[in-house]
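> Just model_8.txt, nothing more (compact mmCIF, C-alpha atoms):
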```
# COMPACT_ATOMS: atom_id res chain seq x y z
CA MET A 1 29.08 -13.33 -24.24
CA ARG A 2 26.39 -15.71 -23.06
CA ASN A 3 25.58 -15.22 -19.36
CA ASN A 4 22.37 -17.19 -19.36
CA ASP A 5 21.48 -19.04 -16.24
CA LEU A 6 24.93 -19.35 -14.74
CA THR A 7 25.20 -19.56 -10.95
CA ILE A 8 28.54 -18.64 -9.44
CA ALA A 9 29.21 -19.29 -5.74
CA VAL A 10 31.80 -17.07 -4.06
CA LEU A 11 33.51 -18.68 -1.09
CA SER A 12 36.56 -18.55 1.16
CA GLY A 13 37.87 -20.52 4.10
CA LYS A 14 37.40 -17.73 6.59
CA GLY A 15 35.49 -14.49 7.16
CA GLY A 16 36.78 -11.07 6.15
CA THR A 17 38.52 -12.33 3.02
CA GLY A 18 36.37 -10.44 0.55
CA LYS A 19 33.50 -12.75 -0.45
CA THR A 20 30.94 -10.01 -0.07
CA LEU A 21 33.15 -7.40 -1.79
CA VAL A 22 33.60 -9.71 -4.78
CA SER A 23 30.07 -11.09 -5.06
CA VAL A 24 28.31 -7.74 -4.51
CA ASN A 25 30.49 -5.90 -7.02
CA LEU A 26 30.36 -8.59 -9.70
CA ALA A 27 26.57 -8.79 -9.41
CA ALA A 28 26.34 -4.97 -9.48
CA LEU A 29 28.03 -4.83 -12.89
CA LEU A 30 25.01 -6.32 -14.66
CA PRO A 31 21.56 -4.77 -14.49
CA ASP A 32 19.62 -8.02 -14.46
CA SER A 33 21.73 -10.25 -12.20
CA THR A 34 20.78 -11.89 -8.90
CA TYR A 35 22.72 -11.65 -5.65
CA ILE A 36 21.93 -14.24 -2.95
CA ASP A 37 23.40 -13.75 0.51
CA CYS A 38 23.71 -17.23 2.03
CA ASP A 39 25.67 -16.00 5.06
CA VAL A 40 22.48 -16.37 7.09
CA GLU A 41 24.20 -16.00 10.46
CA GLU A 42 25.33 -12.47 9.60
CA PRO A 43 23.97 -11.35 6.22
CA ASP A 44 25.49 -8.03 5.15
CA GLY A 45 25.25 -7.86 1.34
CA HIS A 46 21.96 -5.94 1.59
CA LEU A 47 23.81 -3.17 3.45
CA PHE A 48 25.63 -2.45 0.18
CA PHE A 49 22.68 -2.86 -2.20
CA LYS A 50 20.15 -1.17 0.11
CA PRO A 51 17.16 -2.67 -1.73
CA VAL A 52 13.57 -1.97 -0.76
CA PHE A 53 12.57 -5.37 0.57
CA GLY A 54 9.19 -6.94 0.05
CA THR A 55 7.46 -8.99 2.72
CA SER A 56 9.63 -11.29 4.85
CA VAL A 57 8.85 -14.90 4.14
CA PRO A 58 9.22 -17.11 7.22
CA VAL A 59 11.28 -20.31 6.95
CA MET A 60 9.63 -23.17 8.81
CA VAL A 61 10.99 -26.55 9.87
CA LYS A 62 9.10 -29.52 11.25
CA THR A 63 9.82 -31.00 14.67
CA PRO A 64 8.05 -33.91 16.34
CA GLN A 65 5.55 -33.72 19.18
CA VAL A 66 4.20 -36.64 21.17
CA ASP A 67 0.70 -37.65 22.18
CA GLU A 68 1.46 -39.00 25.66
CA ASN A 69 -1.79 -40.98 25.72
CA ARG A 70 -0.58 -43.07 22.79
CA CYS A 71 3.13 -43.35 23.69
CA THR A 72 4.04 -46.64 25.35
CA GLY A 73 7.66 -45.66 25.98
CA CYS A 74 8.99 -48.23 23.52
CA HIS A 75 12.09 -46.18 22.58
CA ALA A 76 11.78 -46.82 18.82
CA CYS A 77 11.96 -43.08 18.01
CA VAL A 78 14.87 -42.44 20.41
CA ASP A 79 16.82 -45.38 18.98
CA PHE A 80 16.10 -44.27 15.41
CA CYS A 81 17.24 -40.65 15.79
CA LYS A 82 20.86 -40.57 14.66
CA PHE A 83 21.17 -36.94 15.76
CA ASN A 84 20.16 -37.79 19.38
CA ALA A 85 17.48 -35.11 19.35
CA LEU A 86 15.07 -37.20 21.44
CA ALA A 87 15.06 -38.47 25.01
CA LEU A 88 12.37 -40.52 26.68
CA ILE A 89 11.65 -40.54 30.40
CA GLY A 90 8.74 -42.87 31.11
CA SER A 91 6.30 -41.83 28.41
CA THR A 92 7.45 -38.22 28.37
CA LEU A 93 9.32 -37.50 25.15
CA MET A 94 11.79 -34.63 25.24
CA VAL A 95 12.51 -33.03 21.86
CA PHE A 96 15.66 -30.97 21.43
CA ASN A 97 14.60 -28.69 18.58
CA GLU A 98 18.05 -27.25 17.90
CA ILE A 99 19.44 -30.75 17.32
CA CYS A 100 16.50 -32.12 15.28
CA HIS A 101 17.20 -32.19 11.53
CA SER A 102 13.48 -32.47 10.63
CA CYS A 103 13.94 -35.79 8.85
CA GLY A 104 10.55 -37.05 10.02
CA GLY A 105 11.94 -40.55 10.66
CA CYS A 106 10.72 -40.72 14.27
CA VAL A 107 7.14 -40.16 13.12
CA LEU A 108 7.47 -43.01 10.61
CA VAL A 109 9.00 -45.55 13.01
CA CYS A 110 6.54 -44.99 15.90
CA PRO A 111 4.47 -48.20 16.06
CA ARG A 112 1.67 -46.44 17.97
CA LYS A 113 1.49 -43.40 15.72
CA ALA A 114 2.01 -41.27 18.82
CA LEU A 115 4.20 -38.73 17.05
CA SER A 116 3.14 -35.94 14.75
CA GLU A 117 5.00 -32.97 13.27
CA LYS A 118 4.51 -29.32 14.07
CA GLU A 119 6.06 -26.36 12.30
CA ARG A 120 8.52 -23.96 13.87
CA MET A 121 10.01 -20.78 12.40
CA VAL A 122 13.83 -20.73 12.25
CA GLY A 123 14.41 -17.61 10.16
CA PHE A 124 13.16 -15.59 7.22
CA VAL A 125 14.01 -14.67 3.64
CA ARG A 126 13.60 -11.27 1.97
CA GLU A 127 13.76 -10.18 -1.67
CA GLY A 128 14.25 -6.74 -3.18
CA ILE A 129 15.63 -4.91 -6.21
CA SER A 130 18.56 -2.51 -6.28
CA ARG A 131 19.35 -0.80 -9.62
CA GLY A 132 18.03 -3.84 -11.44
CA VAL A 133 19.90 -6.38 -9.30
CA GLN A 134 17.65 -8.87 -7.57
CA VAL A 135 18.84 -9.09 -3.96
CA VAL A 136 17.90 -12.15 -1.88
CA THR A 137 18.90 -12.37 1.75
CA GLY A 138 18.23 -14.93 4.45
CA THR A 139 18.41 -14.40 8.19
CA MET A 140 18.59 -17.11 10.83
CA ASN A 141 16.82 -16.53 14.13
CA ILE A 142 19.09 -16.02 17.13
CA GLY A 143 19.58 -19.24 19.07
CA GLU A 144 19.10 -21.59 16.11
CA SER A 145 21.93 -23.97 15.32
CA SER A 146 21.49 -24.68 11.61
CA GLY A 147 21.00 -22.22 8.77
CA VAL A 148 20.59 -24.97 6.16
CA PRO A 149 16.77 -24.65 5.86
CA ILE A 150 17.11 -20.90 5.28
CA ILE A 151 19.75 -21.38 2.57
CA GLU A 152 17.48 -23.99 0.94
CA ALA A 153 14.63 -21.44 0.91
CA GLU A 154 16.89 -18.82 -0.71
CA LEU A 155 18.05 -21.24 -3.39
CA ARG A 156 14.42 -22.17 -4.17
CA ILE A 157 13.90 -18.52 -5.11
CA LYS A 158 16.82 -18.87 -7.51
CA GLU A 159 15.23 -21.92 -9.11
CA LYS A 160 12.33 -19.72 -10.25
CA ASN A 161 14.69 -17.45 -12.22
CA ILE A 162 15.96 -18.31 -15.64
CA ASN A 163 18.30 -16.59 -17.99
CA ASN A 164 20.27 -14.55 -15.55
CA LEU A 165 23.64 -14.54 -13.89
CA THR A 166 23.48 -15.31 -10.18
CA PHE A 167 26.10 -14.79 -7.50
CA ILE A 168 25.90 -16.69 -4.23
CA ASP A 169 27.70 -15.00 -1.33
CA CYS A 170 28.60 -18.02 0.83
CA PRO A 171 29.03 -18.22 4.61
CA PRO A 172 32.67 -18.38 5.76
CA GLY A 173 34.42 -21.71 6.27
CA SER A 174 34.06 -25.05 4.52
CA ALA A 175 31.40 -26.82 6.61
CA CYS A 176 27.71 -27.77 6.10
CA LEU A 177 26.40 -24.28 5.33
CA VAL A 178 29.00 -23.67 2.62
CA ARG A 179 28.46 -27.09 1.14
CA LYS A 180 24.74 -26.41 0.94
CA SER A 181 25.34 -22.96 -0.58
CA ILE A 182 27.53 -24.27 -3.43
CA GLN A 183 25.66 -27.53 -3.99
CA GLU A 184 23.73 -26.38 -7.06
CA ALA A 185 26.24 -23.77 -8.27
CA ASP A 186 27.62 -24.16 -11.81
CA TYR A 187 30.91 -22.56 -10.89
CA CYS A 188 32.85 -21.56 -7.76
CA LEU A 189 34.95 -18.48 -7.25
CA LEU A 190 37.41 -18.71 -4.37
CA VAL A 191 38.71 -15.59 -2.63
CA ALA A 192 41.97 -15.64 -0.66
CA GLU A 193 44.21 -13.32 1.33
CA PRO A 194 47.99 -13.00 0.87
CA THR A 195 48.93 -14.58 4.21
CA VAL A 196 50.00 -18.03 5.43
CA PHE A 197 46.68 -18.25 7.27
CA GLY A 198 44.91 -17.18 4.06
CA ALA A 199 46.65 -19.96 2.12
CA HIS A 200 45.64 -22.48 4.80
CA ASN A 201 41.99 -21.44 4.45
CA LEU A 202 42.29 -21.54 0.68
CA ALA A 203 43.52 -25.13 0.97
CA MET A 204 40.37 -26.01 2.92
CA VAL A 205 37.92 -24.60 0.35
CA TYR A 206 40.05 -26.04 -2.44
CA ALA A 207 39.56 -29.47 -0.84
CA LEU A 208 35.80 -28.84 -0.58
CA VAL A 209 35.22 -27.72 -4.18
CA SER A 210 37.50 -30.49 -5.49
CA SER A 211 35.65 -33.17 -3.53
CA LEU A 212 32.34 -31.91 -4.97
CA HIS A 213 33.84 -31.91 -8.50
CA LYS A 214 33.08 -28.22 -8.94
CA ARG A 215 34.78 -26.08 -11.54
CA PHE A 216 36.48 -23.10 -9.95
CA SER A 217 38.99 -20.28 -10.11
CA LEU A 218 40.55 -17.85 -7.66
CA VAL A 219 40.54 -14.13 -6.91
CA LEU A 220 43.49 -12.90 -4.85
CA ASN A 221 42.38 -10.08 -2.56
CA LYS A 222 44.39 -7.52 -0.57
CA CYS A 223 47.40 -8.03 -2.85
CA LEU A 224 50.59 -6.26 -1.78
CA GLY A 225 52.91 -5.35 -4.62
CA GLY A 226 56.29 -7.04 -4.60
CA GLU A 227 55.73 -9.35 -1.63
CA GLU A 228 55.34 -13.09 -1.85
CA ASN A 229 51.69 -14.17 -1.69
CA PRO A 230 51.32 -17.59 0.00
CA SER A 231 47.85 -18.01 -1.55
CA GLU A 232 49.28 -17.39 -5.01
CA VAL A 233 52.03 -19.94 -4.33
CA PHE A 234 49.35 -22.47 -3.35
CA ALA A 235 47.33 -21.65 -6.48
CA ILE A 236 50.33 -22.15 -8.77
CA GLU A 237 51.28 -25.42 -7.06
CA HIS A 238 47.72 -26.73 -7.50
CA GLN A 239 47.14 -25.24 -10.95
CA ILE A 240 44.19 -23.12 -9.83
CA PRO A 241 43.40 -20.44 -12.44
CA ILE A 242 43.81 -16.92 -11.02
CA VAL A 243 41.12 -14.70 -12.53
CA GLY A 244 41.82 -11.49 -10.68
CA ARG A 245 43.97 -9.54 -8.25
CA ILE A 246 42.42 -6.90 -6.03
CA PRO A 247 45.04 -4.59 -4.51
CA PHE A 248 45.42 -3.83 -0.81
CA ASP A 249 44.11 -0.33 -1.27
CA SER A 250 42.93 2.13 1.39
CA GLU A 251 40.58 3.93 -1.01
CA LEU A 252 38.82 0.66 -1.82
CA GLY A 253 38.78 -0.29 1.86
CA LEU A 254 37.25 3.06 2.80
CA LEU A 255 34.47 2.88 0.20
CA ASN A 256 33.74 -0.68 1.23
CA SER A 257 33.67 0.22 4.94
CA GLU A 258 31.09 2.89 4.11
CA ALA A 259 28.92 0.13 2.59
CA LYS A 260 29.32 1.53 -0.92
CA VAL A 261 29.16 -0.64 -4.04
CA VAL A 262 32.60 0.29 -5.36
CA VAL A 263 31.79 -0.38 -9.04
CA TRP A 264 28.98 2.17 -8.75
CA GLU A 265 31.30 4.75 -7.14
CA SER A 266 34.46 4.67 -9.20
CA GLU A 267 35.38 4.02 -12.83
CA LYS A 268 38.71 2.57 -11.68
CA TYR A 269 37.01 -0.16 -9.65
CA ARG A 270 34.35 -0.72 -12.32
CA GLN A 271 37.19 -1.57 -14.71
CA LEU A 272 38.90 -3.80 -12.14
CA PHE A 273 35.76 -5.85 -11.43
CA SER A 274 34.65 -5.86 -15.10
CA SER A 275 37.96 -7.43 -16.00
CA ILE A 276 37.51 -10.07 -13.27
CA LEU A 277 33.95 -10.78 -14.46
CA THR A 278 35.04 -11.17 -18.08
CA THR A 279 37.79 -13.60 -17.07
CA VAL A 280 35.50 -15.59 -14.75
CA LEU A 281 32.82 -15.93 -17.42
CA ARG A 282 35.39 -16.96 -20.00
CA GLU A 283 36.78 -19.59 -17.63
CA ALA A 284 33.30 -20.82 -16.69
CA HIS A 285 32.03 -21.06 -20.27
CA HIS A 286 35.29 -22.36 -21.66
CA GLU A 287 35.42 -25.22 -19.18
CA ALA A 288 31.72 -25.92 -19.53
CA THR A 289 32.18 -26.28 -23.29
CA GLY A 290 35.32 -28.34 -22.78
CA ASN A 291 33.48 -30.78 -20.53
CA SER A 292 30.45 -31.26 -22.73
CA MET B 1 20.33 -46.24 44.80
CA ARG B 2 22.50 -46.29 41.72
CA ILE B 3 25.32 -43.81 41.32
CA ALA B 4 27.00 -43.14 37.93
CA ILE B 5 30.39 -41.54 37.28
CA PRO B 6 31.84 -40.80 33.81
CA VAL B 7 35.26 -42.50 33.72
CA GLU B 8 38.24 -42.78 31.39
CA ASP B 9 39.01 -46.50 31.90
CA ILE B 10 37.51 -49.78 33.08
CA SER B 11 39.19 -49.52 36.48
CA VAL B 12 38.22 -48.21 39.91
CA GLU B 13 41.74 -46.82 40.03
CA GLY B 14 41.03 -44.94 36.83
CA LYS B 15 40.19 -41.29 36.43
CA VAL B 16 36.92 -39.42 36.35
CA CYS B 17 36.35 -38.25 32.75
CA PRO B 18 36.05 -34.46 32.34
CA SER B 19 33.37 -34.94 29.66
CA PHE B 20 29.96 -36.33 30.58
CA GLY B 21 28.49 -37.02 27.13
CA ARG B 22 31.70 -38.28 25.55
CA ALA B 23 33.12 -40.27 28.46
CA PRO B 24 34.12 -43.71 27.15
CA TYR B 25 32.51 -45.48 30.15
CA PHE B 26 30.24 -44.93 33.09
CA TYR B 27 31.08 -46.55 36.42
CA LEU B 28 27.85 -47.62 38.10
CA TYR B 29 27.72 -48.31 41.84
CA ASP B 30 24.65 -49.57 43.67
CA THR B 31 24.63 -48.40 47.31
CA GLU B 32 22.15 -51.10 48.36
CA ASP B 33 23.94 -54.26 47.26
CA GLY B 34 27.41 -52.86 46.52
CA HIS B 35 27.13 -54.10 42.95
CA THR B 36 29.40 -52.32 40.46
CA LEU B 37 29.39 -52.19 36.69
CA PHE B 38 31.28 -50.47 33.88
CA LEU B 39 28.86 -49.40 31.22
CA GLN B 40 30.20 -48.62 27.75
CA ASN B 41 28.94 -45.19 26.68
CA SER B 42 27.39 -45.72 23.26
CA ALA B 43 27.03 -41.93 22.92
CA ALA B 44 30.78 -41.24 23.02
CA GLU B 45 31.23 -41.40 19.25
CA SER B 46 28.06 -39.49 18.34
CA GLN B 47 28.42 -36.66 15.86
CA GLY B 48 26.09 -34.50 17.94
CA GLY B 49 23.72 -34.79 20.89
CA ALA B 50 26.15 -37.03 22.80
CA GLY B 51 25.07 -35.60 26.15
CA ILE B 52 21.42 -36.38 25.47
CA LYS B 53 22.17 -39.94 24.44
CA ALA B 54 24.50 -40.51 27.41
CA ALA B 55 21.85 -39.15 29.78
CA GLN B 56 19.27 -41.47 28.18
CA LEU B 57 21.62 -44.40 28.83
CA LEU B 58 21.72 -43.53 32.53
CA VAL B 59 17.92 -43.05 32.64
CA ASP B 60 17.50 -46.51 31.09
CA ASN B 61 19.87 -47.97 33.70
CA GLN B 62 17.82 -46.55 36.60
CA VAL B 63 20.58 -44.28 37.85
CA ALA B 64 19.54 -41.88 40.65
CA VAL B 65 22.73 -39.87 41.22
CA VAL B 66 25.46 -38.66 38.86
CA LEU B 67 28.88 -37.54 40.06
CA ALA B 68 30.67 -35.49 37.38
CA PRO B 69 33.03 -32.53 37.12
CA ARG B 70 30.76 -30.79 34.62
CA CYS B 71 27.73 -31.40 32.50
CA GLY B 72 26.03 -29.72 29.54
CA GLU B 73 22.63 -28.04 29.54
CA ASN B 74 20.99 -30.70 27.38
CA SER B 75 22.29 -33.60 29.46
CA ALA B 76 21.18 -31.82 32.62
CA LYS B 77 17.67 -31.33 31.19
CA VAL B 78 17.32 -35.07 30.59
CA LEU B 79 18.87 -36.08 33.92
CA HIS B 80 16.76 -33.59 35.88
CA SER B 81 13.58 -34.66 34.07
CA ALA B 82 14.28 -38.17 35.35
CA ASN B 83 14.66 -36.70 38.87
CA MET B 84 18.37 -37.43 39.01
CA HIS B 85 20.70 -35.38 41.17
CA ILE B 86 24.04 -34.28 39.74
CA TYR B 87 26.89 -33.68 42.18
CA LYS B 88 30.20 -32.04 41.36
CA THR B 89 33.30 -34.20 41.72
CA VAL B 90 36.25 -32.55 43.47
CA SER B 91 39.13 -34.69 42.22
CA SER B 92 39.89 -37.24 39.53
CA GLY B 93 39.76 -40.27 41.87
CA VAL B 94 36.69 -42.47 41.41
CA SER B 95 36.61 -44.07 44.89
CA GLU B 96 37.57 -40.81 46.57
CA ASN B 97 34.52 -39.05 45.11
CA LEU B 98 32.26 -41.98 46.05
CA ALA B 99 33.53 -41.78 49.65
CA LEU B 100 33.04 -38.01 49.78
CA PHE B 101 29.52 -38.39 48.39
CA ALA B 102 28.70 -41.00 51.06
CA GLN B 103 29.87 -38.51 53.72
CA GLY B 104 27.65 -35.81 52.21
CA LYS B 105 30.66 -33.72 51.23
CA LEU B 106 29.93 -33.21 47.52
CA ALA B 107 27.90 -30.19 46.43
CA LEU B 108 25.18 -30.25 43.79
CA LEU B 109 26.37 -29.17 40.36
CA ASP B 110 24.55 -25.93 39.64
CA LYS B 111 26.27 -24.61 36.52
CA PHE B 112 25.68 -26.29 33.17
CA HIS B 113 27.61 -25.31 30.07
CA ALA B 114 26.00 -24.65 26.69
CA GLY B 115 26.49 -27.41 24.15
CA PHE B 116 29.47 -27.50 21.84
CA LEU B 117 27.31 -28.37 18.86
CA GLY B 118 28.10 -26.11 15.95
CA HIS B 119 30.97 -24.44 17.79
CA ALA B 120 33.64 -26.76 16.46
CA GLU B 121 33.52 -25.74 12.81
```
So, in terms of structure tokens, how does the structure I just supplied come out?

Amino acid sequence: MRNNDLTIAVLSGKGGTGKTLVSVNLAALLPDSTYIDCDVEEPDGHLFFKPVFGTSVPVMVKTPQVDENRCTGCHACVDFCKFNALALIGSTLMVFNEICHSCGGCVLVCPRKALSEKERMVGFVREGISRGVQVVTGTMNIGESSGVPIIEAELRIKEKNINNLTFIDCPPGSACLVRKSIQEADYCLLVAEPTVFGAHNLAMVYALVSSLHKRFSLVLNKCLGGEENPSEVFAIEHQIPIVGRIPFDSELGLLNSEAKVVVWESEKYRQLFSSILTTVLREAHHEATGNS
Amino acid sequence: MRIAIPVEDISVEGKVCPSFGRAPYFYLYDTEDGHTLFLQNSAAESQGGAGIKAAQLLVDNQVAVVLAPRCGENSAKVLHSANMHIYKTVSSGVSENLALFAQGKLALLDKFHAGFLGHAE
């Protein structure tokens, strides 16, 4: 089967659903795959892979600074900033770094050229190898409000790779960070729990991937035999392909809680995840062919 | 001296708004000439940074004193940089708080909450 250069984003509407379990173990099945942890607020995929990381690469953003000798207090920058990151008292410009989106617009609109940009570090990205799997992880500095620049830096590393299968472990939810993480993905894999709350969160990511016209399928996690699964009901109603069912299993939970890569520990789980991977790749390639 | 109060409605009988940055209006009262004004808060509908923009509006309107039930850290930074004093309102009545302020019975607001930006996802 052709795996070349396919990027699969794994996402769910809430935390603790199994994004990391699924993305780590699918990536671990192939010796030359890439795993990118985009959950920059609390990256944990590296705890499973335990790679030897190379040098941390800082992620910088630009924020404006003012030359008070040039500023006439005209307000043009304050009025321009749609994020309200600037305030002007007399000719003293206050910059709220955590609100600034580094668009650079204030520098452009200043008629006196009183503004310039300076760089500020908001986090860092690390790369390492674990049994052939390239592991990329990004970490946001404490106190920062947006992880988007860090996710962008991680995805730039991906752009340098060709001919490999990449899994993106997304942040929880369906907001900006998730949108950024799946933006360039070829395919999305949703993960959902068998609860009413799980189905509600599935509906949110379903709305997100549909609005972005992504192709996707679903893995049902923590499946209980014989009981109705609200996420499965939602999937059937919305014709979402189900590519795998992971049981609610204390052995699996224990291995995972010990930060073990379950497909490396047990033949049973290797078969389970291999079957999911085969189905996902078939779905992804089948639909890709169908659309072209 | 101009006093500003975040309010819910265009009415002196109206209520003090619990939010500073997202109050629909500010009631402005000038202690020297008794002039009053309801200022529409252009920051109320902002996606983020509403407190900063609302504070800038009061700076631009030469306000010296703010009476509010609470206020965020970012708004307070802007207001304090413009040498404004922020006093804590004790009830929802606009005129009642103005009267108490005139009698020196309102205390300075000394606790400022962290912003809500990014916490509403």
> Neighbouring residues of A:Arg215 were defined as those with any atom within 7 Å, considering all atoms listed in the file; residues of the same chain fewer than 2 positions away were excluded. Please report them as a list in words.
Tyr187, Cys188 and His213 of chain A
> Can those selected residues be exported to a file as an mmCIF file, in the frame of the given file so that it contains C-alpha atoms?

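Done, and the output landed in again00.cif:
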```cif
data_model
loop_
_atom_site.group_PDB
_atom_site.id
_atom_site.type_symbol
_atom_site.label_atom_id
_atom_site.label_comp_id
_atom_site.auth_asym_id
_atom_site.auth_seq_id
_atom_site.Cartn_x
_atom_site.Cartn_y
_atom_site.Cartn_z
ATOM 1 C CA TYR A 187 30.910 -22.560 -10.890
ATOM 2 C CA CYS A 188 32.850 -21.560 -7.760
ATOM 3 C CA HIS A 213 33.840 -31.910 -8.500
#
```
> Would you please work out which residue, of A:Phe234, A:Phe48, A:Phe83, A:Phe216, is nearest to chain B when using only C-alpha atoms?
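Of A:Phe234, A:Phe48, A:Phe83, A:Phe216, the one nearest chain B is A:Phe83, counting only C-alpha atoms.
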> Can you tell me, as a PDB file with C-alpha atoms, in the coordinates of the input, which residues sit within 9 Å of (24.1, -28.3, 40.6) in the file's frame, using all atoms listed in the file?

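What ended up in out-v5.pdb:
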```
ATOM      1  CA  HIS B  85      20.700 -35.380  41.170  1.00  0.00           C
ATOM      2  CA  ILE B  86      24.040 -34.280  39.740  1.00  0.00           C
ATOM      3  CA  TYR B  87      26.890 -33.680  42.180  1.00  0.00           C
ATOM      4  CA  LYS B  88      30.200 -32.040  41.360  1.00  0.00           C
ATOM      5  CA  ALA B 107      27.900 -30.190  46.430  1.00  0.00           C
ATOM      6  CA  LEU B 108      25.180 -30.250  43.790  1.00  0.00           C
ATOM      7  CA  LEU B 109      26.370 -29.170  40.360  1.00  0.00           C
ATOM      8  CA  ASP B 110      24.550 -25.930  39.640  1.00  0.00           C
ATOM      9  CA  LYS B 111      26.270 -24.610  36.520  1.00  0.00           C
ATOM     10  CA  PHE B 112      25.680 -26.290  33.170  1.00  0.00           C
TER      11      PHE B 112
END
```
> Could you tell me how far atom CA of A:Lys222 sits from atom CA of A:Pro247, in Å to one decimal place?
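Going from atom CA of A:Pro247 over to atom CA of A:Lys222 covers 5.0 Å.
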> Check every residue of chain A for an atom within 7 Å of chain B, counting only C-alpha atoms, and provide those that qualify as a list in words.
Phe83, Asn84, Ala85, Ala87, Ile89, Ile99, Ser145 and Ala175 of chain A
> For B:Val16, which of B:Ala64, B:Leu58, B:Ala114, B:Leu98 is the closest residue, counting only C-alpha atoms?
B:Leu98
> Between atom CA of A:Thr195 and atom CA of A:Val178, what distance in Å does the model show, to one decimal?
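Those two atoms sit 22.0 Å apart.
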> What lies within 7 Å of A:Asn201 using all atoms listed in the file, ignoring chain neighbours under 6 positions off, as a ChimeraX atom specification?
/A:12-14
